[in-house]
file coords-v6.pdb (PDB, C-alpha atoms)
ATOM      1  CA  MET A 267     -14.924 -45.834 -52.780
ATOM      2  CA  LEU A 268     -11.420 -46.982 -51.902
ATOM      3  CA  SER A 269     -10.384 -43.489 -50.793
ATOM      4  CA  LYS A 270     -13.491 -43.271 -48.542
ATOM      5  CA  LEU A 271     -12.645 -46.632 -47.001
ATOM      6  CA  THR A 272      -9.054 -45.499 -46.496
ATOM      7  CA  SER A 273     -10.250 -42.299 -44.802
ATOM      8  CA  VAL A 274     -12.539 -44.220 -42.461
ATOM      9  CA  CYS A 275      -9.794 -46.701 -41.552
ATOM     10  CA  ALA A 276      -7.266 -43.881 -40.983
ATOM     11  CA  SER A 277      -9.755 -41.993 -38.774
ATOM     12  CA  GLY A 278     -10.438 -45.143 -36.782
ATOM     13  CA  ALA A 279      -6.730 -45.800 -36.323
ATOM     14  CA  ILE A 280      -6.092 -42.230 -35.148
ATOM     15  CA  LEU A 281      -8.964 -42.377 -32.665
ATOM     16  CA  THR A 282      -7.691 -45.689 -31.347
ATOM     17  CA  ILE A 283      -4.089 -44.679 -30.766
ATOM     18  CA  THR A 284      -4.748 -41.078 -29.614
ATOM     19  CA  PRO A 285      -5.433 -41.940 -25.961
ATOM     20  CA  LYS A 286      -2.145 -43.850 -25.849
ATOM     21  CA  LEU A 287      -0.333 -40.847 -27.382
ATOM     22  CA  VAL A 288      -1.919 -38.534 -24.789
ATOM     23  CA  TRP A 289      -0.690 -40.769 -21.954
ATOM     24  CA  ALA A 290       2.819 -40.309 -23.303
ATOM     25  CA  CYS A 291       2.536 -36.502 -23.069
ATOM     26  CA  ALA A 292       4.713 -35.037 -20.348
ATOM     27  CA  VAL A 293       2.250 -32.319 -19.342
ATOM     28  CA  CYS A 294      -1.071 -34.153 -19.663
ATOM     29  CA  GLY A 295      -2.425 -35.866 -16.615
ATOM     30  CA  LEU A 296      -0.936 -33.419 -14.124
ATOM     31  CA  PRO A 297      -2.264 -33.758 -10.565
ATOM     32  CA  ALA A 298      -5.136 -31.429  -9.801
ATOM     33  CA  GLY A 299      -3.524 -29.358  -7.051
ATOM     34  CA  ASP A 300      -0.222 -28.712  -8.792
ATOM     35  CA  HIS A 301      -0.718 -25.030  -9.625
ATOM     36  CA  ALA A 302       2.868 -24.394 -10.673
ATOM     37  CA  ALA A 303       2.947 -27.245 -13.180
ATOM     38  CA  HIS A 304      -0.423 -26.233 -14.625
ATOM     39  CA  ALA A 305       0.778 -22.640 -14.865
ATOM     40  CA  PHE A 306       3.901 -23.666 -16.763
ATOM     41  CA  ASP A 307       1.827 -25.959 -18.960
ATOM     42  CA  THR A 308      -0.571 -23.151 -19.894
ATOM     43  CA  SER A 309       2.238 -20.721 -20.509
ATOM     44  CA  ILE A 310       4.112 -23.186 -22.703
ATOM     45  CA  VAL A 311       1.035 -23.885 -24.776
ATOM     46  CA  PHE A 312       0.414 -20.153 -25.119
ATOM     47  CA  MET A 313       4.011 -19.471 -26.146
ATOM     48  CA  MET A 314       3.865 -22.273 -28.701
ATOM     49  CA  ALA A 315       0.659 -20.892 -30.165
ATOM     50  CA  VAL A 316       1.853 -17.278 -30.521
ATOM     51  CA  PRO A 317       4.352 -17.758 -33.388
ATOM     52  CA  TYR A 318       1.886 -19.863 -35.359
ATOM     53  CA  THR A 319      -0.799 -17.240 -34.820
ATOM     54  CA  VAL A 320       1.524 -14.433 -35.885
ATOM     55  CA  CYS A 321       2.583 -16.347 -39.001
ATOM     56  CA  ALA A 322      -1.015 -17.199 -39.860
ATOM     57  CA  VAL A 323      -2.124 -13.566 -39.548
ATOM     58  CA  ALA A 324       0.895 -12.384 -41.556
ATOM     59  CA  ALA A 325       0.119 -14.971 -44.232
ATOM     60  CA  VAL A 326      -3.503 -13.845 -44.499
ATOM     61  CA  VAL A 327      -2.501 -10.181 -44.660
ATOM     62  CA  GLY A 328       0.183 -10.949 -47.228
ATOM     63  CA  TRP A 329      -2.212 -12.997 -49.341
ATOM     64  CA  CYS A 330      -4.824 -10.207 -49.330
ATOM     65  CA  ALA A 331      -2.190  -7.625 -50.253
ATOM     66  CA  TYR A 332      -0.874  -9.886 -53.043
ATOM     67  CA  ARG A 333      -4.391 -10.413 -54.411
ATOM     68  CA  ASN A 334      -5.130  -6.677 -54.327
ATOM     69  CA  GLY A 335      -1.791  -5.968 -55.998
ATOM     70  CA  ARG A 336      -2.509  -8.450 -58.804
ATOM     71  CA  ARG A 337      -5.924  -6.882 -59.301
ATOM     72  CA  ARG A 338      -4.331  -3.415 -59.585
ATOM     73  CA  VAL A 339      -1.804  -4.717 -62.129
ATOM     74  CA  ARG A 340      -4.593  -6.307 -64.163
ATOM     75  CA  GLU A 341      -6.578  -3.050 -64.129
ATOM     76  CA  ARG A 342      -3.499  -1.087 -65.185
ATOM     77  CA  MET A 343      -2.876  -3.483 -68.062
ATOM     78  CA  GLN A 344      -6.484  -3.231 -69.208
ATOM     79  CA  LYS A 345      -6.317   0.559 -69.103
ATOM     80  CA  GLY A 346      -3.066   0.512 -71.052
ATOM     81  CA  ALA A 347      -4.528  -1.795 -73.693
ATOM     82  CA  ALA A 348      -7.657   0.343 -73.975
ATOM     83  CA  ALA A 349      -5.571   3.508 -74.372
ATOM     84  CA  ARG A 350      -3.554   1.919 -77.187
ATOM     85  CA  LEU A 351      -6.737   0.931 -79.048
TER      86      LEU A 351
ATOM     87  CA  MET B 285       1.966 -10.005 -81.059
ATOM     88  CA  ALA B 286       4.151 -10.167 -77.943
ATOM     89  CA  ARG B 287       7.669  -8.748 -78.247
ATOM     90  CA  ALA B 288      10.762 -10.548 -77.114
ATOM     91  CA  ILE B 289      11.842 -10.226 -73.546
ATOM     92  CA  PRO B 290      14.471  -7.469 -73.390
ATOM     93  CA  LEU B 291      17.873  -8.795 -72.359
ATOM     94  CA  SER B 292      18.476  -5.745 -70.207
ATOM     95  CA  GLY B 293      16.354  -7.247 -67.503
ATOM     96  CA  LEU B 294      13.116  -8.862 -66.648
ATOM     97  CA  ARG B 295      11.283  -5.626 -65.946
ATOM     98  CA  SER B 296       8.441  -6.504 -68.268
ATOM     99  CA  VAL B 297       7.335  -9.719 -69.890
ATOM    100  CA  HIS B 298       5.474  -7.880 -72.634
ATOM    101  CA  HIS B 299       7.539  -4.696 -72.569
ATOM    102  CA  ASP B 300       4.393  -2.900 -71.447
ATOM    103  CA  PRO B 301       4.744   0.066 -69.097
ATOM    104  CA  ALA B 302       1.399  -0.793 -67.510
ATOM    105  CA  PHE B 303       2.859  -4.104 -66.412
ATOM    106  CA  ASP B 304       6.019  -2.559 -64.948
ATOM    107  CA  SER B 305       5.114  -2.449 -61.372
ATOM    108  CA  ALA B 306       5.690  -1.287 -57.937
ATOM    109  CA  PRO B 307       5.914  -4.273 -55.572
ATOM    110  CA  LEU B 308       2.598  -5.977 -54.826
ATOM    111  CA  ILE B 309       3.109  -5.185 -51.150
ATOM    112  CA  SER B 310       4.742  -1.809 -50.647
ATOM    113  CA  ASN B 311       8.052  -1.672 -48.803
ATOM    114  CA  GLY B 312       6.528   0.479 -46.084
ATOM    115  CA  ARG B 313       3.712  -1.970 -45.412
ATOM    116  CA  LEU B 314       6.122  -4.900 -45.384
ATOM    117  CA  ALA B 315       8.339  -3.084 -42.901
ATOM    118  CA  VAL B 316       5.425  -2.296 -40.593
ATOM    119  CA  LEU B 317       4.151  -5.882 -40.810
ATOM    120  CA  ILE B 318       7.580  -7.235 -39.861
ATOM    121  CA  LEU B 319       7.714  -4.735 -36.987
ATOM    122  CA  LEU B 320       4.300  -5.888 -35.795
ATOM    123  CA  CYS B 321       5.371  -9.548 -35.903
ATOM    124  CA  ALA B 322       8.298  -8.685 -33.635
ATOM    125  CA  GLU B 323       6.049  -6.653 -31.319
ATOM    126  CA  ALA B 324       3.561  -9.524 -31.139
ATOM    127  CA  MET B 325       6.344 -11.876 -30.058
ATOM    128  CA  LEU B 326       7.490  -9.312 -27.474
ATOM    129  CA  PHE B 327       4.034  -9.077 -25.950
ATOM    130  CA  GLY B 328       3.636 -12.840 -26.222
ATOM    131  CA  GLY B 329       6.764 -13.406 -24.161
ATOM    132  CA  PHE B 330       5.686 -11.046 -21.403
ATOM    133  CA  ILE B 331       2.157 -12.447 -21.371
ATOM    134  CA  GLY B 332       3.582 -15.963 -21.111
ATOM    135  CA  ALA B 333       5.602 -14.962 -18.055
ATOM    136  CA  PHE B 334       2.544 -13.243 -16.563
ATOM    137  CA  LEU B 335       0.472 -16.393 -17.050
ATOM    138  CA  ILE B 336       3.002 -18.427 -15.081
ATOM    139  CA  TYR B 337       2.860 -16.031 -12.129
ATOM    140  CA  LYS B 338      -0.886 -15.655 -12.196
ATOM    141  CA  LEU B 339      -1.806 -19.310 -12.590
ATOM    142  CA  SER B 340       0.758 -20.651 -10.129
ATOM    143  CA  ALA B 341      -0.281 -18.309  -7.315
ATOM    144  CA  PRO B 342      -2.777 -19.785  -4.822
ATOM    145  CA  PHE B 343      -4.508 -16.371  -4.596
ATOM    146  CA  TRP B 344      -4.562 -13.790  -7.368
ATOM    147  CA  PRO B 345      -4.659 -10.908  -6.746
ATOM    148  CA  PRO B 346      -2.700 -11.507  -3.567
ATOM    149  CA  PRO B 347      -4.419 -10.373  -0.374
ATOM    150  CA  GLY B 348      -3.315  -7.117   1.192
ATOM    151  CA  LEU B 349      -2.535  -5.268  -2.050
ATOM    152  CA  PRO B 350      -4.644  -2.464  -3.609
ATOM    153  CA  ARG B 351      -7.156  -3.545  -6.209
ATOM    154  CA  LEU B 352      -6.871  -2.327  -9.784
ATOM    155  CA  PRO B 353      -9.328   0.372 -11.008
ATOM    156  CA  ILE B 354     -11.533  -1.657 -13.317
ATOM    157  CA  ALA B 355     -14.300   0.896 -13.898
ATOM    158  CA  VAL B 356     -11.945   3.702 -14.931
ATOM    159  CA  THR B 357     -10.002   1.306 -17.122
ATOM    160  CA  TRP B 358     -13.200   0.155 -18.825
ATOM    161  CA  ALA B 359     -13.904   3.767 -19.758
ATOM    162  CA  ASN B 360     -10.304   4.168 -20.894
ATOM    163  CA  THR B 361     -10.677   1.067 -23.062
ATOM    164  CA  MET B 362     -13.654   2.670 -24.783
ATOM    165  CA  VAL B 363     -11.515   5.758 -25.407
ATOM    166  CA  LEU B 364      -8.829   3.662 -27.080
ATOM    167  CA  LEU B 365     -11.318   1.730 -29.194
ATOM    168  CA  ALA B 366     -12.908   5.028 -30.245
ATOM    169  CA  SER B 367      -9.476   6.173 -31.387
ATOM    170  CA  ALA B 368      -9.294   3.109 -33.646
ATOM    171  CA  LEU B 369     -12.585   4.193 -35.192
ATOM    172  CA  THR B 370     -11.400   7.760 -35.735
ATOM    173  CA  MET B 371      -8.201   6.431 -37.278
ATOM    174  CA  LYS B 372     -10.277   4.349 -39.703
ATOM    175  CA  LEU B 373     -12.221   7.489 -40.629
ATOM    176  CA  ALA B 374      -8.933   9.331 -41.144
ATOM    177  CA  VAL B 375      -7.720   6.618 -43.528
ATOM    178  CA  GLU B 376     -10.958   6.843 -45.487
ATOM    179  CA  ALA B 377     -10.622  10.634 -45.641
ATOM    180  CA  ALA B 378      -7.051  10.237 -46.916
ATOM    181  CA  ARG B 379      -8.176   7.809 -49.630
ATOM    182  CA  GLY B 380     -11.007  10.150 -50.607
ATOM    183  CA  GLY B 381      -8.722  13.174 -50.761
ATOM    184  CA  ARG B 382     -10.687  15.087 -48.101
ATOM    185  CA  ARG B 383      -7.872  17.025 -46.455
ATOM    186  CA  LEU B 384      -9.873  18.943 -43.876
ATOM    187  CA  HIS B 385     -11.595  15.803 -42.639
ATOM    188  CA  LEU B 386      -8.255  14.004 -42.610
ATOM    189  CA  ARG B 387      -6.651  16.653 -40.403
ATOM    190  CA  ALA B 388      -9.620  16.645 -38.056
ATOM    191  CA  TRP B 389      -9.738  12.867 -37.658
ATOM    192  CA  LEU B 390      -5.980  12.581 -37.200
ATOM    193  CA  THR B 391      -6.004  15.287 -34.541
ATOM    194  CA  LEU B 392      -8.912  13.646 -32.738
ATOM    195  CA  THR B 393      -7.185  10.252 -32.852
ATOM    196  CA  ALA B 394      -4.005  11.690 -31.372
ATOM    197  CA  ALA B 395      -6.036  13.442 -28.666
ATOM    198  CA  LEU B 396      -7.809  10.202 -27.728
ATOM    199  CA  GLY B 397      -4.513   8.343 -27.590
ATOM    200  CA  ALA B 398      -2.999  11.029 -25.386
ATOM    201  CA  LEU B 399      -6.067  10.923 -23.145
ATOM    202  CA  PHE B 400      -5.693   7.149 -22.768
ATOM    203  CA  VAL B 401      -2.052   7.470 -21.722
ATOM    204  CA  SER B 402      -2.849  10.334 -19.327
ATOM    205  CA  VAL B 403      -5.603   8.405 -17.584
ATOM    206  CA  GLN B 404      -3.368   5.335 -17.283
ATOM    207  CA  GLY B 405      -0.624   7.515 -15.823
ATOM    208  CA  SER B 406      -2.951   9.105 -13.293
ATOM    209  CA  GLU B 407      -4.195   5.676 -12.222
ATOM    210  CA  TRP B 408      -0.604   4.544 -11.762
ATOM    211  CA  VAL B 409       0.069   7.530  -9.492
ATOM    212  CA  ARG B 410      -3.004   6.624  -7.425
ATOM    213  CA  LEU B 411      -1.942   2.980  -7.163
ATOM    214  CA  GLU B 412       1.533   4.012  -6.040
ATOM    215  CA  ALA B 413      -0.012   6.260  -3.411
ATOM    216  CA  HIS B 414      -2.121   3.342  -2.171
ATOM    217  CA  GLY B 415       0.922   1.115  -1.788
ATOM    218  CA  LEU B 416       1.187  -0.866  -5.028
ATOM    219  CA  HIS B 417       4.866  -0.436  -5.859
ATOM    220  CA  LEU B 418       7.003  -2.128  -8.470
ATOM    221  CA  ARG B 419       8.759  -4.022  -5.683
ATOM    222  CA  SER B 420       5.558  -5.084  -3.944
ATOM    223  CA  GLY B 421       5.807  -8.531  -5.513
ATOM    224  CA  ASN B 422       5.035 -10.436  -8.692
ATOM    225  CA  TYR B 423       1.522  -9.025  -8.918
ATOM    226  CA  ALA B 424       2.678  -5.403  -8.985
ATOM    227  CA  ALA B 425       5.764  -6.102 -11.087
ATOM    228  CA  THR B 426       3.867  -7.900 -13.828
ATOM    229  CA  PHE B 427       1.134  -5.264 -13.795
ATOM    230  CA  TYR B 428       3.515  -2.351 -14.182
ATOM    231  CA  VAL B 429       5.725  -4.090 -16.763
ATOM    232  CA  LEU B 430       2.906  -5.323 -18.997
ATOM    233  CA  ILE B 431       0.730  -2.234 -18.827
ATOM    234  CA  GLY B 432       3.793   0.010 -18.987
ATOM    235  CA  LEU B 433       5.014  -1.767 -22.110
ATOM    236  CA  HIS B 434       1.668  -1.161 -23.774
ATOM    237  CA  ALA B 435       1.609   2.472 -22.633
ATOM    238  CA  LEU B 436       5.058   2.944 -24.149
ATOM    239  CA  HIS B 437       3.742   1.618 -27.437
ATOM    240  CA  VAL B 438       0.782   4.001 -27.274
ATOM    241  CA  VAL B 439       3.141   6.929 -26.626
ATOM    242  CA  CYS B 440       5.238   5.948 -29.661
ATOM    243  CA  ALA B 441       2.072   5.587 -31.741
ATOM    244  CA  VAL B 442       0.881   9.052 -30.663
ATOM    245  CA  LEU B 443       4.257  10.597 -31.534
ATOM    246  CA  TRP B 444       4.224   8.868 -34.924
ATOM    247  CA  LEU B 445       0.678  10.092 -35.489
ATOM    248  CA  LEU B 446       1.637  13.659 -34.594
ATOM    249  CA  GLY B 447       4.440  13.488 -37.150
ATOM    250  CA  VAL B 448       2.047  12.240 -39.808
ATOM    251  CA  THR B 449      -0.451  14.955 -38.888
ATOM    252  CA  MET B 450       2.233  17.619 -39.301
ATOM    253  CA  ALA B 451       3.177  16.150 -42.659
ATOM    254  CA  VAL B 452      -0.456  16.294 -43.745
ATOM    255  CA  VAL B 453      -0.853  19.890 -42.535
ATOM    256  CA  LEU B 454       2.346  21.037 -44.251
ATOM    257  CA  ALA B 455       1.707  19.111 -47.471
ATOM    258  CA  ARG B 456       1.309  21.147 -50.617
ATOM    259  CA  PRO B 457      -1.979  20.782 -52.548
ATOM    260  CA  GLY B 458      -0.737  18.137 -54.977
ATOM    261  CA  GLN B 459       1.104  16.044 -52.394
ATOM    262  CA  ASP B 460      -0.405  12.751 -51.347
ATOM    263  CA  ARG B 461       0.266  11.628 -47.764
ATOM    264  CA  ARG B 462      -2.050   8.659 -47.963
ATOM    265  CA  GLY B 463       0.760   6.106 -47.654
ATOM    266  CA  ALA B 464       2.093   7.643 -44.445
ATOM    267  CA  VAL B 465      -1.406   7.740 -42.940
ATOM    268  CA  GLU B 466      -2.051   4.095 -43.812
ATOM    269  CA  LEU B 467       1.230   2.890 -42.318
ATOM    270  CA  CYS B 468       0.576   4.778 -39.087
ATOM    271  CA  ALA B 469      -2.949   3.370 -39.041
ATOM    272  CA  ILE B 470      -1.687  -0.219 -39.232
ATOM    273  CA  TYR B 471       0.470   0.331 -36.161
ATOM    274  CA  TRP B 472      -2.379   2.136 -34.370
ATOM    275  CA  TYR B 473      -4.784  -0.758 -34.988
ATOM    276  CA  PHE B 474      -2.232  -3.183 -33.527
ATOM    277  CA  VAL B 475      -1.821  -1.104 -30.374
ATOM    278  CA  CYS B 476      -5.604  -0.886 -29.993
ATOM    279  CA  ALA B 477      -6.050  -4.619 -30.622
ATOM    280  CA  VAL B 478      -3.484  -5.666 -27.993
ATOM    281  CA  TRP B 479      -5.107  -3.635 -25.212
ATOM    282  CA  PRO B 480      -8.346  -5.690 -24.729
ATOM    283  CA  LEU B 481      -6.229  -8.833 -24.363
ATOM    284  CA  LEU B 482      -4.040  -7.200 -21.723
ATOM    285  CA  PHE B 483      -7.041  -5.671 -19.979
ATOM    286  CA  GLY B 484      -8.775  -9.030 -19.725
ATOM    287  CA  LEU B 485      -5.690 -10.876 -18.528
ATOM    288  CA  VAL B 486      -4.279  -8.340 -16.061
ATOM    289  CA  TYR B 487      -7.332  -6.610 -14.596
ATOM    290  CA  PHE B 488      -9.556  -9.682 -14.092
TER     291      PHE B 488
END
call {"tool": "encode", "arguments": {"input": "coords-v6.pdb", "output": "structure tokens"}}
result
Amino acid sequence: MLSKLTSVCASGAILTITPKLVWACAVCGLPAGDHAAHAFDTSIVFMMAVPYTVCAVAAVVGWCAYRNGRRRVRERMQKGAAARL
Amino acid sequence: MARAIPLSGLRSVHHDPAFDSAPLISNGRLAVLILLCAEAMLFGGFIGAFLIYKLSAPFWPPPGLPRLPIAVTWANTMVLLASALTMKLAVEAARGGRRLHLRAWLTLTAALGALFVSVQGSEWVRLEAHGLHLRSGNYAATFYVLIGLHALHVVCAVLWLLGVTMAVVLARPGQDRRGAVELCAIYWYFVCAVWPLLFGLVYF
């Protein structure tokens, strides 16, 4: 009950202060006709997203390979134990 | 009853040969994955620069310059995606030990990749003839650099694939070339996956 109340209060606080945080952003609220600034803004956001995307994909691939590798090791151990019996 | 851990090293917790292991991710796969991370950052940088030029221009494509051949490039995109499918079939043939199928699918994949590069090259020649030169401005420069970078990667992938195909053809009956095929396939999938993104950004 207390953790639910804490979550609700934290969510409310975040929603309350978020507009103020957005106003502080250097690239939000650009004038509509400023193509160059919007272009740089989009490019910066894209360039920030690329490393995170690459790391996320690499992490997923690595996790799947690790899981498959563990499964192969387990199967080898079971075969070895069965052969000894 | 478990035996003591041998002091000679931590090769095996239970001194069981079945537990002694190759790495969970093979060195070859790890190397290719690291290569692909670097390639993704390379493309990301160039795409970021392209986005700045494209989005900051009042008109894109700029007036007075030849238009890019979208219809032919659509067909070429299908060719490249088909090559990803044939590569997948080659990997399955390698895992199943079907050597004849493997050779056929690898050869077809290389042929499709070469066809893609040839069509792109012929379209470049036509664009040059119509007046879209590297020095025509940002539009032409970013087009040639981005698409040329991808074409270079496809050429390298085709050469790698030809080497793997030769290795498969020359392999003796007991030799397993599955690892080489799978590593080449990973790089091939990456090259095929990058192209739709470039096509959508540059041609539209």
call {"tool": "closest_residue", "arguments": {"input": "coords-v6.pdb", "among": "B:Ala324, B:Ala359, B:Val452, B:Ala464", "to": "B:Ala477", "atoms": "only C-alpha atoms"}}
result
B:Ala324
call {"tool": "closest_residue", "arguments": {"input": "coords-v6.pdb", "among": "A:Met267, A:Arg337, A:Leu281, A:Gly299", "to": "B:Ser340", "atoms": "all atoms listed in the file"}}
result
A:Gly299
call {"tool": "resolve_selection", "arguments": {"input": "coords-v6.pdb", "expression": "the PyMOL selection byres ((chain A) within 12 of (chain B))", "output": "mmCIF file with C-alpha atoms, in the coordinates of the input"}}
result
data_model
loop_
_atom_site.group_PDB
_atom_site.id
_atom_site.type_symbol
_atom_site.label_atom_id
_atom_site.label_comp_id
_atom_site.auth_asym_id
_atom_site.auth_seq_id
_atom_site.Cartn_x
_atom_site.Cartn_y
_atom_site.Cartn_z
ATOM 1 C CA GLY A 299 -3.524 -29.358 -7.051
ATOM 2 C CA ASP A 300 -0.222 -28.712 -8.792
ATOM 3 C CA HIS A 301 -0.718 -25.030 -9.625
ATOM 4 C CA ALA A 302 2.868 -24.394 -10.673
ATOM 5 C CA ALA A 303 2.947 -27.245 -13.180
ATOM 6 C CA HIS A 304 -0.423 -26.233 -14.625
ATOM 7 C CA ALA A 305 0.778 -22.640 -14.865
ATOM 8 C CA PHE A 306 3.901 -23.666 -16.763
ATOM 9 C CA ASP A 307 1.827 -25.959 -18.960
ATOM 10 C CA THR A 308 -0.571 -23.151 -19.894
ATOM 11 C CA SER A 309 2.238 -20.721 -20.509
ATOM 12 C CA ILE A 310 4.112 -23.186 -22.703
ATOM 13 C CA VAL A 311 1.035 -23.885 -24.776
ATOM 14 C CA PHE A 312 0.414 -20.153 -25.119
ATOM 15 C CA MET A 313 4.011 -19.471 -26.146
ATOM 16 C CA MET A 314 3.865 -22.273 -28.701
ATOM 17 C CA ALA A 315 0.659 -20.892 -30.165
ATOM 18 C CA VAL A 316 1.853 -17.278 -30.521
ATOM 19 C CA PRO A 317 4.352 -17.758 -33.388
ATOM 20 C CA TYR A 318 1.886 -19.863 -35.359
ATOM 21 C CA THR A 319 -0.799 -17.240 -34.820
ATOM 22 C CA VAL A 320 1.524 -14.433 -35.885
ATOM 23 C CA CYS A 321 2.583 -16.347 -39.001
ATOM 24 C CA ALA A 322 -1.015 -17.199 -39.860
ATOM 25 C CA VAL A 323 -2.124 -13.566 -39.548
ATOM 26 C CA ALA A 324 0.895 -12.384 -41.556
ATOM 27 C CA ALA A 325 0.119 -14.971 -44.232
ATOM 28 C CA VAL A 326 -3.503 -13.845 -44.499
ATOM 29 C CA VAL A 327 -2.501 -10.181 -44.660
ATOM 30 C CA GLY A 328 0.183 -10.949 -47.228
ATOM 31 C CA TRP A 329 -2.212 -12.997 -49.341
ATOM 32 C CA CYS A 330 -4.824 -10.207 -49.330
ATOM 33 C CA ALA A 331 -2.190 -7.625 -50.253
ATOM 34 C CA TYR A 332 -0.874 -9.886 -53.043
ATOM 35 C CA ARG A 333 -4.391 -10.413 -54.411
ATOM 36 C CA ASN A 334 -5.130 -6.677 -54.327
ATOM 37 C CA GLY A 335 -1.791 -5.968 -55.998
ATOM 38 C CA ARG A 336 -2.509 -8.450 -58.804
ATOM 39 C CA ARG A 337 -5.924 -6.882 -59.301
ATOM 40 C CA ARG A 338 -4.331 -3.415 -59.585
ATOM 41 C CA VAL A 339 -1.804 -4.717 -62.129
ATOM 42 C CA ARG A 340 -4.593 -6.307 -64.163
ATOM 43 C CA GLU A 341 -6.578 -3.050 -64.129
ATOM 44 C CA ARG A 342 -3.499 -1.087 -65.185
ATOM 45 C CA MET A 343 -2.876 -3.483 -68.062
ATOM 46 C CA GLN A 344 -6.484 -3.231 -69.208
ATOM 47 C CA LYS A 345 -6.317 0.559 -69.103
ATOM 48 C CA GLY A 346 -3.066 0.512 -71.052
ATOM 49 C CA ALA A 347 -4.528 -1.795 -73.693
ATOM 50 C CA ALA A 348 -7.657 0.343 -73.975
ATOM 51 C CA ALA A 349 -5.571 3.508 -74.372
ATOM 52 C CA ARG A 350 -3.554 1.919 -77.187
#
call {"tool": "atom_distance", "arguments": {"input": "coords-v6.pdb", "atom1": "atom CA of B:Asn360", "atom2": "atom CA of B:Ala441"}}
result
16.5 Å
call {"tool": "atom_distance", "arguments": {"input": "coords-v6.pdb", "atom1": "atom CA of B:Pro353", "atom2": "atom CA of B:Leu390"}}
result
29.1 Å
call {"tool": "atom_distance", "arguments": {"input": "coords-v6.pdb", "atom1": "atom CA of B:Gly484", "atom2": "atom CA of B:Leu416"}}
result
19.5 Å
call {"tool": "residues_around", "arguments": {"input": "coords-v6.pdb", "residues": "B:Tyr423", "least_positions_apart": "3", "cutoff": "9 Å", "atoms": "all atoms listed in the file", "output": "JSON list (two decimals) with C-alpha atoms, in the coordinates of the input"}}
result
[["chain", "number", "residue", "atom", "x", "y", "z"],
["B", 334, "PHE", "CA", 2.54, -13.24, -16.56],
["B", 337, "TYR", "CA", 2.86, -16.03, -12.13],
["B", 338, "LYS", "CA", -0.89, -15.66, -12.20],
["B", 344, "TRP", "CA", -4.56, -13.79, -7.37],
["B", 345, "PRO", "CA", -4.66, -10.91, -6.75],
["B", 346, "PRO", "CA", -2.70, -11.51, -3.57],
["B", 349, "LEU", "CA", -2.54, -5.27, -2.05],
["B", 418, "LEU", "CA", 7.00, -2.13, -8.47],
["B", 420, "SER", "CA", 5.56, -5.08, -3.94],
["B", 426, "THR", "CA", 3.87, -7.90, -13.83],
["B", 427, "PHE", "CA", 1.13, -5.26, -13.80],
["B", 428, "TYR", "CA", 3.52, -2.35, -14.18]]
call {"tool": "closest_residue", "arguments": {"input": "coords-v6.pdb", "among": "B:Arg379, B:His414, B:His434, B:Arg387", "to": "B:Glu466", "atoms": "all atoms listed in the file"}}
result
B:Arg379
call {"tool": "decode", "arguments": {"input": "coords-v6.pdb", "residues": "stretch 381-392 of chain B", "atoms": "N, CA and C atoms", "output": "compact mmCIF listing (two decimals), in the first residue's frame"}}
result
# COMPACT_ATOMS: atom_id res chain seq x y z
N GLY B 381 24.10 -29.96 -43.45
CA GLY B 381 25.10 -30.77 -44.13
C GLY B 381 24.79 -31.04 -45.59
N ARG B 382 23.94 -30.24 -46.20
CA ARG B 382 23.58 -30.46 -47.62
C ARG B 382 24.51 -29.64 -48.50
N ARG B 383 25.59 -30.24 -48.94
CA ARG B 383 26.65 -29.49 -49.61
C ARG B 383 26.23 -28.94 -50.96
N LEU B 384 25.50 -29.73 -51.72
CA LEU B 384 25.11 -29.25 -53.06
C LEU B 384 24.19 -28.04 -52.93
N HIS B 385 23.20 -28.15 -52.03
CA HIS B 385 22.31 -27.02 -51.82
C HIS B 385 23.09 -25.80 -51.34
N LEU B 386 24.04 -26.04 -50.44
CA LEU B 386 24.83 -24.94 -49.90
C LEU B 386 25.56 -24.21 -51.01
N ARG B 387 26.22 -24.96 -51.89
CA ARG B 387 26.95 -24.32 -53.00
C ARG B 387 26.00 -23.53 -53.88
N ALA B 388 24.84 -24.11 -54.15
CA ALA B 388 23.88 -23.44 -55.04
C ALA B 388 23.38 -22.14 -54.41
N TRP B 389 23.01 -22.19 -53.14
CA TRP B 389 22.48 -20.98 -52.50
C TRP B 389 23.56 -19.92 -52.34
N LEU B 390 24.76 -20.32 -52.02
CA LEU B 390 25.84 -19.34 -51.90
C LEU B 390 26.11 -18.67 -53.25
N THR B 391 26.14 -19.46 -54.30
CA THR B 391 26.40 -18.90 -55.62
C THR B 391 25.28 -17.94 -56.02
N LEU B 392 24.04 -18.33 -55.74
CA LEU B 392 22.92 -17.46 -56.09
C LEU B 392 22.97 -16.16 -55.28
